[in-house]
>>> print(open('query.cif').read())   # mmCIF, N, CA and C atoms
data_my_file
#
loop_
_atom_site.label_atom_id
_atom_site.label_comp_id
_atom_site.auth_asym_id
_atom_site.auth_seq_id
_atom_site.Cartn_x
_atom_site.Cartn_y
_atom_site.Cartn_z
N MET A 95 40.08 -28.68 -30.34
CA MET A 95 39.99 -28.74 -28.90
C MET A 95 38.62 -28.25 -28.45
N SER A 96 38.04 -28.98 -27.57
CA SER A 96 36.75 -28.54 -27.04
C SER A 96 36.97 -27.71 -25.78
N GLU A 97 36.12 -26.73 -25.65
CA GLU A 97 36.20 -25.83 -24.51
C GLU A 97 35.46 -26.45 -23.33
N THR A 98 36.03 -26.36 -22.15
CA THR A 98 35.36 -26.87 -20.95
C THR A 98 34.48 -25.77 -20.38
N ARG A 99 33.24 -26.10 -20.21
CA ARG A 99 32.30 -25.12 -19.67
C ARG A 99 32.01 -25.46 -18.21
N PRO A 100 31.78 -24.43 -17.41
CA PRO A 100 31.40 -24.71 -16.02
C PRO A 100 30.02 -25.36 -16.00
N PRO A 101 29.74 -26.16 -15.00
CA PRO A 101 28.43 -26.82 -14.92
C PRO A 101 27.32 -25.77 -14.87
N MET A 102 26.22 -26.11 -15.52
CA MET A 102 25.08 -25.21 -15.55
C MET A 102 24.41 -25.17 -14.19
N LYS A 103 24.12 -23.95 -13.71
CA LYS A 103 23.41 -23.82 -12.44
C LYS A 103 21.92 -23.98 -12.72
N ARG A 104 21.30 -24.83 -11.97
CA ARG A 104 19.87 -25.06 -12.13
C ARG A 104 19.15 -24.61 -10.87
N LYS A 105 17.94 -24.14 -11.10
CA LYS A 105 17.13 -23.66 -10.00
C LYS A 105 15.71 -24.18 -10.18
N ILE A 106 15.19 -24.77 -9.16
CA ILE A 106 13.80 -25.22 -9.20
C ILE A 106 12.95 -24.10 -8.62
N ALA A 107 11.90 -23.75 -9.34
CA ALA A 107 11.03 -22.67 -8.88
C ALA A 107 9.60 -22.94 -9.31
N ALA A 108 8.69 -22.44 -8.53
CA ALA A 108 7.27 -22.47 -8.89
C ALA A 108 6.88 -21.03 -9.20
N ILE A 109 6.15 -20.83 -10.28
CA ILE A 109 5.73 -19.50 -10.69
C ILE A 109 4.22 -19.36 -10.48
N LEU A 110 3.83 -18.31 -9.79
CA LEU A 110 2.43 -17.96 -9.61
C LEU A 110 2.13 -16.84 -10.60
N ALA A 111 1.16 -17.05 -11.46
CA ALA A 111 0.74 -16.03 -12.42
C ALA A 111 -0.70 -15.66 -12.12
N ALA A 112 -0.98 -14.36 -12.06
CA ALA A 112 -2.33 -13.90 -11.74
C ALA A 112 -2.70 -12.72 -12.61
N ASP A 113 -3.98 -12.63 -12.94
CA ASP A 113 -4.50 -11.44 -13.61
C ASP A 113 -5.96 -11.26 -13.22
N VAL A 114 -6.47 -10.06 -13.49
CA VAL A 114 -7.84 -9.73 -13.08
C VAL A 114 -8.81 -10.14 -14.18
N ALA A 115 -9.82 -10.90 -13.81
CA ALA A 115 -10.89 -11.27 -14.75
C ALA A 115 -11.75 -10.03 -15.01
N GLY A 116 -11.95 -9.69 -16.29
CA GLY A 116 -12.78 -8.56 -16.63
C GLY A 116 -12.15 -7.20 -16.36
N TYR A 117 -10.83 -7.15 -16.37
CA TYR A 117 -10.12 -5.91 -16.04
C TYR A 117 -10.50 -4.75 -16.96
N SER A 118 -10.58 -4.98 -18.25
CA SER A 118 -10.92 -3.91 -19.19
C SER A 118 -12.30 -3.34 -18.88
N ARG A 119 -13.24 -4.20 -18.54
CA ARG A 119 -14.60 -3.74 -18.19
C ARG A 119 -14.57 -2.88 -16.94
N LEU A 120 -13.81 -3.32 -15.93
CA LEU A 120 -13.71 -2.55 -14.68
C LEU A 120 -13.10 -1.17 -14.93
N VAL A 121 -12.05 -1.12 -15.74
CA VAL A 121 -11.41 0.16 -16.06
C VAL A 121 -12.37 1.06 -16.83
N ALA A 122 -13.12 0.49 -17.76
CA ALA A 122 -14.07 1.29 -18.55
C ALA A 122 -15.17 1.88 -17.66
N GLN A 123 -15.57 1.14 -16.63
CA GLN A 123 -16.62 1.62 -15.73
C GLN A 123 -16.12 2.74 -14.83
N ASP A 124 -14.92 2.59 -14.26
CA ASP A 124 -14.37 3.59 -13.35
C ASP A 124 -12.85 3.37 -13.24
N GLU A 125 -12.12 4.04 -14.11
CA GLU A 125 -10.67 3.83 -14.20
C GLU A 125 -9.96 4.17 -12.89
N GLU A 126 -10.25 5.32 -12.33
CA GLU A 126 -9.54 5.76 -11.12
C GLU A 126 -9.75 4.79 -9.96
N GLU A 127 -10.99 4.41 -9.72
CA GLU A 127 -11.30 3.49 -8.62
C GLU A 127 -10.67 2.12 -8.87
N THR A 128 -10.70 1.65 -10.10
CA THR A 128 -10.12 0.35 -10.43
C THR A 128 -8.62 0.34 -10.19
N LEU A 129 -7.93 1.38 -10.64
CA LEU A 129 -6.48 1.45 -10.45
C LEU A 129 -6.10 1.57 -8.97
N THR A 130 -6.90 2.32 -8.22
CA THR A 130 -6.65 2.44 -6.78
C THR A 130 -6.82 1.09 -6.09
N ARG A 131 -7.89 0.39 -6.43
CA ARG A 131 -8.14 -0.93 -5.82
C ARG A 131 -7.10 -1.94 -6.26
N LEU A 132 -6.69 -1.89 -7.53
CA LEU A 132 -5.65 -2.80 -8.01
C LEU A 132 -4.37 -2.61 -7.21
N ALA A 133 -3.99 -1.37 -6.95
CA ALA A 133 -2.79 -1.09 -6.15
C ALA A 133 -2.94 -1.68 -4.74
N SER A 134 -4.11 -1.53 -4.16
CA SER A 134 -4.38 -2.07 -2.84
C SER A 134 -4.30 -3.60 -2.84
N TYR A 135 -4.88 -4.23 -3.86
CA TYR A 135 -4.87 -5.68 -3.94
C TYR A 135 -3.45 -6.21 -4.21
N ARG A 136 -2.67 -5.44 -4.93
CA ARG A 136 -1.27 -5.85 -5.16
C ARG A 136 -0.48 -5.85 -3.86
N GLU A 137 -0.82 -4.96 -2.94
CA GLU A 137 -0.16 -4.97 -1.62
C GLU A 137 -0.46 -6.28 -0.90
N VAL A 138 -1.69 -6.78 -1.06
CA VAL A 138 -2.06 -8.08 -0.48
C VAL A 138 -1.16 -9.17 -1.07
N PHE A 139 -1.00 -9.14 -2.40
CA PHE A 139 -0.10 -10.10 -3.05
C PHE A 139 1.30 -10.01 -2.46
N GLN A 140 1.85 -8.79 -2.40
CA GLN A 140 3.22 -8.59 -1.89
C GLN A 140 3.36 -9.19 -0.49
N ASP A 141 2.40 -8.89 0.39
CA ASP A 141 2.47 -9.37 1.78
C ASP A 141 2.44 -10.90 1.85
N PHE A 142 1.48 -11.51 1.17
CA PHE A 142 1.37 -12.97 1.25
C PHE A 142 2.54 -13.67 0.56
N VAL A 143 2.98 -13.13 -0.56
CA VAL A 143 4.12 -13.74 -1.26
C VAL A 143 5.36 -13.68 -0.38
N ALA A 144 5.62 -12.55 0.23
CA ALA A 144 6.79 -12.42 1.11
C ALA A 144 6.70 -13.38 2.30
N LYS A 145 5.52 -13.48 2.91
CA LYS A 145 5.33 -14.39 4.05
C LYS A 145 5.56 -15.85 3.65
N ALA A 146 5.30 -16.17 2.38
CA ALA A 146 5.46 -17.55 1.90
C ALA A 146 6.86 -17.81 1.37
N GLY A 147 7.75 -16.84 1.49
CA GLY A 147 9.13 -17.04 1.05
C GLY A 147 9.34 -16.82 -0.43
N GLY A 148 8.38 -16.19 -1.09
CA GLY A 148 8.50 -15.93 -2.52
C GLY A 148 8.86 -14.48 -2.79
N ARG A 149 8.84 -14.13 -4.07
CA ARG A 149 9.09 -12.75 -4.45
C ARG A 149 8.28 -12.42 -5.70
N VAL A 150 7.68 -11.24 -5.70
CA VAL A 150 6.99 -10.75 -6.89
C VAL A 150 8.06 -10.21 -7.82
N PHE A 151 8.08 -10.69 -9.06
CA PHE A 151 9.13 -10.23 -9.97
C PHE A 151 8.59 -9.48 -11.18
N ASN A 152 7.26 -9.37 -11.31
CA ASN A 152 6.72 -8.58 -12.41
C ASN A 152 5.28 -8.22 -12.13
N THR A 153 4.93 -6.98 -12.47
CA THR A 153 3.55 -6.51 -12.37
C THR A 153 3.29 -5.61 -13.57
N ALA A 154 2.86 -6.19 -14.65
CA ALA A 154 2.55 -5.43 -15.87
C ALA A 154 1.04 -5.39 -16.05
N GLY A 155 0.49 -4.19 -16.24
CA GLY A 155 -0.95 -4.08 -16.40
C GLY A 155 -1.65 -4.61 -15.15
N ASP A 156 -2.54 -5.56 -15.33
CA ASP A 156 -3.26 -6.15 -14.19
C ASP A 156 -2.62 -7.47 -13.73
N ALA A 157 -1.49 -7.83 -14.31
CA ALA A 157 -0.86 -9.11 -14.00
C ALA A 157 0.11 -9.02 -12.82
N VAL A 158 0.26 -10.15 -12.15
CA VAL A 158 1.25 -10.30 -11.09
C VAL A 158 1.94 -11.63 -11.33
N LEU A 159 3.27 -11.61 -11.33
CA LEU A 159 4.07 -12.83 -11.43
C LEU A 159 4.95 -12.93 -10.19
N ALA A 160 4.92 -14.09 -9.56
CA ALA A 160 5.73 -14.31 -8.36
C ALA A 160 6.43 -15.66 -8.46
N GLU A 161 7.58 -15.73 -7.84
CA GLU A 161 8.40 -16.94 -7.86
C GLU A 161 8.53 -17.47 -6.43
N PHE A 162 8.47 -18.80 -6.31
CA PHE A 162 8.59 -19.46 -5.01
C PHE A 162 9.59 -20.61 -5.12
N PRO A 163 10.30 -20.90 -4.05
CA PRO A 163 11.20 -22.05 -4.07
C PRO A 163 10.46 -23.38 -3.92
N SER A 164 9.16 -23.31 -3.60
CA SER A 164 8.38 -24.52 -3.35
C SER A 164 7.00 -24.39 -3.99
N ALA A 165 6.58 -25.42 -4.71
CA ALA A 165 5.24 -25.43 -5.29
C ALA A 165 4.17 -25.45 -4.20
N VAL A 166 4.45 -26.13 -3.11
CA VAL A 166 3.50 -26.19 -2.00
C VAL A 166 3.26 -24.79 -1.44
N GLU A 167 4.32 -24.03 -1.24
CA GLU A 167 4.18 -22.66 -0.72
C GLU A 167 3.45 -21.77 -1.73
N ALA A 168 3.69 -21.96 -3.02
CA ALA A 168 3.00 -21.17 -4.04
C ALA A 168 1.50 -21.42 -4.00
N VAL A 169 1.11 -22.67 -3.85
CA VAL A 169 -0.32 -23.01 -3.80
C VAL A 169 -0.95 -22.48 -2.51
N ARG A 170 -0.27 -22.65 -1.40
CA ARG A 170 -0.80 -22.12 -0.13
C ARG A 170 -0.96 -20.61 -0.20
N CYS A 171 0.01 -19.95 -0.79
CA CYS A 171 -0.04 -18.50 -0.95
C CYS A 171 -1.23 -18.09 -1.82
N ALA A 172 -1.44 -18.79 -2.92
CA ALA A 172 -2.56 -18.48 -3.81
C ALA A 172 -3.89 -18.61 -3.07
N ILE A 173 -4.03 -19.64 -2.26
CA ILE A 173 -5.26 -19.84 -1.48
C ILE A 173 -5.44 -18.70 -0.48
N ASP A 174 -4.38 -18.32 0.21
CA ASP A 174 -4.46 -17.23 1.18
C ASP A 174 -4.83 -15.91 0.51
N ILE A 175 -4.25 -15.65 -0.65
CA ILE A 175 -4.56 -14.42 -1.40
C ILE A 175 -6.02 -14.43 -1.80
N GLN A 176 -6.50 -15.54 -2.36
CA GLN A 176 -7.88 -15.61 -2.81
C GLN A 176 -8.85 -15.38 -1.64
N GLU A 177 -8.55 -15.95 -0.50
CA GLU A 177 -9.42 -15.79 0.67
C GLU A 177 -9.42 -14.33 1.13
N SER A 178 -8.27 -13.72 1.19
CA SER A 178 -8.17 -12.32 1.61
C SER A 178 -8.92 -11.40 0.65
N LEU A 179 -8.73 -11.61 -0.65
CA LEU A 179 -9.40 -10.76 -1.63
C LEU A 179 -10.90 -11.02 -1.67
N ARG A 180 -11.32 -12.25 -1.43
CA ARG A 180 -12.75 -12.56 -1.36
C ARG A 180 -13.40 -11.73 -0.26
N THR A 181 -12.74 -11.64 0.89
CA THR A 181 -13.25 -10.85 2.00
C THR A 181 -13.34 -9.37 1.63
N ARG A 182 -12.33 -8.87 0.95
CA ARG A 182 -12.33 -7.46 0.53
C ARG A 182 -13.44 -7.17 -0.48
N ASN A 183 -13.80 -8.14 -1.29
CA ASN A 183 -14.82 -7.95 -2.32
C ASN A 183 -16.25 -8.04 -1.78
N LEU A 184 -16.42 -8.53 -0.56
CA LEU A 184 -17.77 -8.78 -0.03
C LEU A 184 -18.66 -7.55 -0.05
N GLY A 185 -18.14 -6.38 0.25
CA GLY A 185 -18.96 -5.18 0.33
C GLY A 185 -19.18 -4.45 -0.97
N LEU A 186 -18.68 -5.01 -2.06
CA LEU A 186 -18.77 -4.33 -3.36
C LEU A 186 -19.97 -4.81 -4.16
N PRO A 187 -20.53 -3.92 -5.00
CA PRO A 187 -21.57 -4.38 -5.92
C PRO A 187 -20.98 -5.44 -6.87
N ALA A 188 -21.81 -6.36 -7.32
CA ALA A 188 -21.34 -7.47 -8.16
C ALA A 188 -20.56 -7.01 -9.38
N ASP A 189 -20.94 -5.88 -9.98
CA ASP A 189 -20.25 -5.42 -11.19
C ASP A 189 -18.93 -4.71 -10.91
N ARG A 190 -18.56 -4.54 -9.61
CA ARG A 190 -17.30 -3.90 -9.25
C ARG A 190 -16.34 -4.87 -8.58
N VAL A 191 -16.75 -6.11 -8.38
CA VAL A 191 -15.89 -7.11 -7.74
C VAL A 191 -14.67 -7.35 -8.63
N MET A 192 -13.49 -7.39 -7.99
CA MET A 192 -12.23 -7.64 -8.71
C MET A 192 -11.75 -9.04 -8.35
N LEU A 193 -11.89 -9.96 -9.30
CA LEU A 193 -11.48 -11.35 -9.11
C LEU A 193 -10.17 -11.63 -9.85
N PHE A 194 -9.24 -12.22 -9.15
CA PHE A 194 -7.97 -12.61 -9.77
C PHE A 194 -8.02 -14.07 -10.16
N ARG A 195 -7.59 -14.34 -11.40
CA ARG A 195 -7.36 -15.72 -11.83
C ARG A 195 -5.91 -16.03 -11.48
N ILE A 196 -5.71 -17.07 -10.71
CA ILE A 196 -4.35 -17.43 -10.30
C ILE A 196 -4.06 -18.83 -10.80
#
>>> encode(input="query.cif", output="structure tokens")
Amino acid sequence: MSETRPPMKRKIAAILAADVAGYSRLVAQDEEETLTRLASYREVFQDFVAKAGGRVFNTAGDAVLAEFPSAVEAVRCAIDIQESLRTRNLGLPADRVMLFRI
């Protein structure tokens, strides 16, 4: 006799993955300042992801992973984050700029 299984629940999701380019170098130059700025930049991620209807589900090291119900919203969110962080980086010396690869 074969067992009847309930239908599998499927979920469509878009995943945004981000990490800091040159993170190890930034930490080696000034660990405390880098970690403080990373925490600040993660708040930017949290705000934009929430506004786009997504959720951040992991932040390990310098990485951020977020899930969205729509690929369009994930891309729009990534663009908004990049623009916001670009503005925050404007006043920093070139060797202290924190760029996220998304």
>>> closest_residue(input="query.cif", among="A:Asp174, A:Thr130, A:Tyr135, A:Ser164", to="Gly148 of chain A", atoms="only C-alpha atoms")
A:Ser164
>>> residues_around(input="query.cif", residues="Glu161 of chain A", least_positions_apart="4", cutoff="7 Å", atoms="all atoms listed in the file", output="PyMOL selection string")
chain A and resi 107-110+147-151
>>> atom_distance(input="query.cif", atom1="atom CA of Asp156 of chain A", atom2="atom C of Leu129 of chain A")
9.7 Å
>>> select_by_dssp(input="query.cif", residues="segment 133-179 of chain A", states="strand (DSSP E or B)", output="PDB file with N, CA and C atoms, in the coordinates of the input")
ATOM      1  N   ARG A 149       8.840 -14.130  -4.070  1.00  0.00           N
ATOM      2  CA  ARG A 149       9.090 -12.750  -4.450  1.00  0.00           C
ATOM      3  C   ARG A 149       8.280 -12.420  -5.700  1.00  0.00           C
ATOM      4  N   VAL A 150       7.680 -11.240  -5.700  1.00  0.00           N
ATOM      5  CA  VAL A 150       6.990 -10.750  -6.890  1.00  0.00           C
ATOM      6  C   VAL A 150       8.060 -10.210  -7.820  1.00  0.00           C
ATOM      7  N   PHE A 151       8.080 -10.690  -9.060  1.00  0.00           N
ATOM      8  CA  PHE A 151       9.130 -10.230  -9.970  1.00  0.00           C
ATOM      9  C   PHE A 151       8.590  -9.480 -11.180  1.00  0.00           C
ATOM     10  N   ASN A 152       7.260  -9.370 -11.310  1.00  0.00           N
ATOM     11  CA  ASN A 152       6.720  -8.580 -12.410  1.00  0.00           C
ATOM     12  C   ASN A 152       5.280  -8.220 -12.130  1.00  0.00           C
ATOM     13  N   VAL A 158       0.260 -10.150 -12.150  1.00  0.00           N
ATOM     14  CA  VAL A 158       1.250 -10.300 -11.090  1.00  0.00           C
ATOM     15  C   VAL A 158       1.940 -11.630 -11.330  1.00  0.00           C
ATOM     16  N   LEU A 159       3.270 -11.610 -11.330  1.00  0.00           N
ATOM     17  CA  LEU A 159       4.070 -12.830 -11.430  1.00  0.00           C
ATOM     18  C   LEU A 159       4.950 -12.930 -10.190  1.00  0.00           C
ATOM     19  N   ALA A 160       4.920 -14.090  -9.560  1.00  0.00           N
ATOM     20  CA  ALA A 160       5.730 -14.310  -8.360  1.00  0.00           C
ATOM     21  C   ALA A 160       6.430 -15.660  -8.460  1.00  0.00           C
ATOM     22  N   GLU A 161       7.580 -15.730  -7.840  1.00  0.00           N
ATOM     23  CA  GLU A 161       8.400 -16.940  -7.860  1.00  0.00           C
ATOM     24  C   GLU A 161       8.530 -17.470  -6.430  1.00  0.00           C
ATOM     25  N   PHE A 162       8.470 -18.800  -6.310  1.00  0.00           N
ATOM     26  CA  PHE A 162       8.590 -19.460  -5.010  1.00  0.00           C
ATOM     27  C   PHE A 162       9.590 -20.610  -5.120  1.00  0.00           C
TER      28      PHE A 162
END
>>> atom_distance(input="query.cif", atom1="atom N of Gln123 of chain A", atom2="atom C of Met192 of chain A")
13.7 Å
>>> atom_distance(input="query.cif", atom1="atom CA of Ala172 of chain A", atom2="atom C of Glu126 of chain A")
25.1 Å
>>> closest_residue(input="query.cif", among="A:Ala188, A:Arg136, A:Tyr117, A:Ala146", to="Ala168 of chain A", atoms="all atoms listed in the file")
A:Ala146
>>> residues_around(input="query.cif", residues="Phe139 of chain A", least_positions_apart="6", cutoff="10 Å", atoms="only C-alpha atoms", output="list in words")
Ala112, Ala133, Lys145, Arg149, Val150, Val158, Leu159, Ala160, Cys171, Ala172, Asp174, Ile175, Gln176, Ser178 and Leu179 of chain A
>>> select_by_dssp(input="query.cif", residues="chain A", states="alpha helix (DSSP H)", output="MDAnalysis selection string")
chainID A and resid 117:123 125:145 165:183
>>> closest_residue(input="query.cif", among="A:Val143, A:Ile173, A:Leu120, A:Val114", to="Arg190 of chain A", atoms="only N, CA and C atoms")
A:Leu120
>>> closest_residue(input="query.cif", among="A:Ala154, A:Asp189, A:Thr128, A:Ile196", to="Asp113 of chain A", atoms="only N, CA and C atoms")
A:Ile196
>>> decode(input="query.cif", residues="segment 97-118 of chain A", atoms="N, CA and C atoms", output="short mmCIF file (atom, residue, chain, number, x, y, z; two decimals), in the first residue's frame")
data_model
loop_
_atom_site.label_atom_id
_atom_site.label_comp_id
_atom_site.auth_asym_id
_atom_site.auth_seq_id
_atom_site.Cartn_x
_atom_site.Cartn_y
_atom_site.Cartn_z
N GLU A 97 1.46 5.19 0.70
CA GLU A 97 0.99 6.19 1.64
C GLU A 97 0.61 7.45 0.87
N THR A 98 -0.50 8.07 1.23
CA THR A 98 -0.91 9.32 0.60
C THR A 98 -0.28 10.48 1.34
N ARG A 99 0.42 11.29 0.61
CA ARG A 99 1.08 12.44 1.21
C ARG A 99 0.29 13.71 0.88
N PRO A 100 0.30 14.65 1.81
CA PRO A 100 -0.36 15.92 1.50
C PRO A 100 0.42 16.63 0.41
N PRO A 101 -0.25 17.45 -0.38
CA PRO A 101 0.45 18.17 -1.45
C PRO A 101 1.55 19.05 -0.87
N MET A 102 2.64 19.13 -1.61
CA MET A 102 3.77 19.93 -1.18
C MET A 102 3.44 21.41 -1.29
N LYS A 103 3.74 22.17 -0.23
CA LYS A 103 3.52 23.61 -0.29
C LYS A 103 4.72 24.24 -0.98
N ARG A 104 4.44 25.06 -1.95
CA ARG A 104 5.50 25.73 -2.68
C ARG A 104 5.40 27.22 -2.43
N LYS A 105 6.56 27.84 -2.44
CA LYS A 105 6.63 29.27 -2.21
C LYS A 105 7.61 29.87 -3.21
N ILE A 106 7.18 30.88 -3.88
CA ILE A 106 8.06 31.59 -4.80
C ILE A 106 8.68 32.74 -4.02
N ALA A 107 9.99 32.86 -4.11
CA ALA A 107 10.68 33.92 -3.38
C ALA A 107 11.90 34.37 -4.18
N ALA A 108 12.24 35.62 -3.99
CA ALA A 108 13.48 36.16 -4.54
C ALA A 108 14.41 36.40 -3.35
N ILE A 109 15.66 36.01 -3.50
CA ILE A 109 16.64 36.17 -2.42
C ILE A 109 17.65 37.25 -2.82
N LEU A 110 17.84 38.20 -1.94
CA LEU A 110 18.86 39.22 -2.10
C LEU A 110 20.03 38.82 -1.22
N ALA A 111 21.20 38.68 -1.81
CA ALA A 111 22.41 38.34 -1.07
C ALA A 111 23.39 39.49 -1.22
N ALA A 112 23.97 39.93 -0.11
CA ALA A 112 24.89 41.05 -0.13
C ALA A 112 26.07 40.79 0.79
N ASP A 113 27.24 41.30 0.39
CA ASP A 113 28.39 41.28 1.28
C ASP A 113 29.27 42.48 0.95
N VAL A 114 30.19 42.78 1.86
CA VAL A 114 31.04 43.96 1.71
C VAL A 114 32.29 43.60 0.92
N ALA A 115 32.55 44.36 -0.12
CA ALA A 115 33.78 44.18 -0.91
C ALA A 115 34.95 44.70 -0.07
N GLY A 116 35.99 43.87 0.09
CA GLY A 116 37.16 44.28 0.83
C GLY A 116 36.97 44.36 2.34
N TYR A 117 36.03 43.58 2.86
CA TYR A 117 35.71 43.64 4.29
C TYR A 117 36.91 43.33 5.17
N SER A 118 37.68 42.32 4.85
CA SER A 118 38.85 41.97 5.67
C SER A 118 39.85 43.12 5.73
#
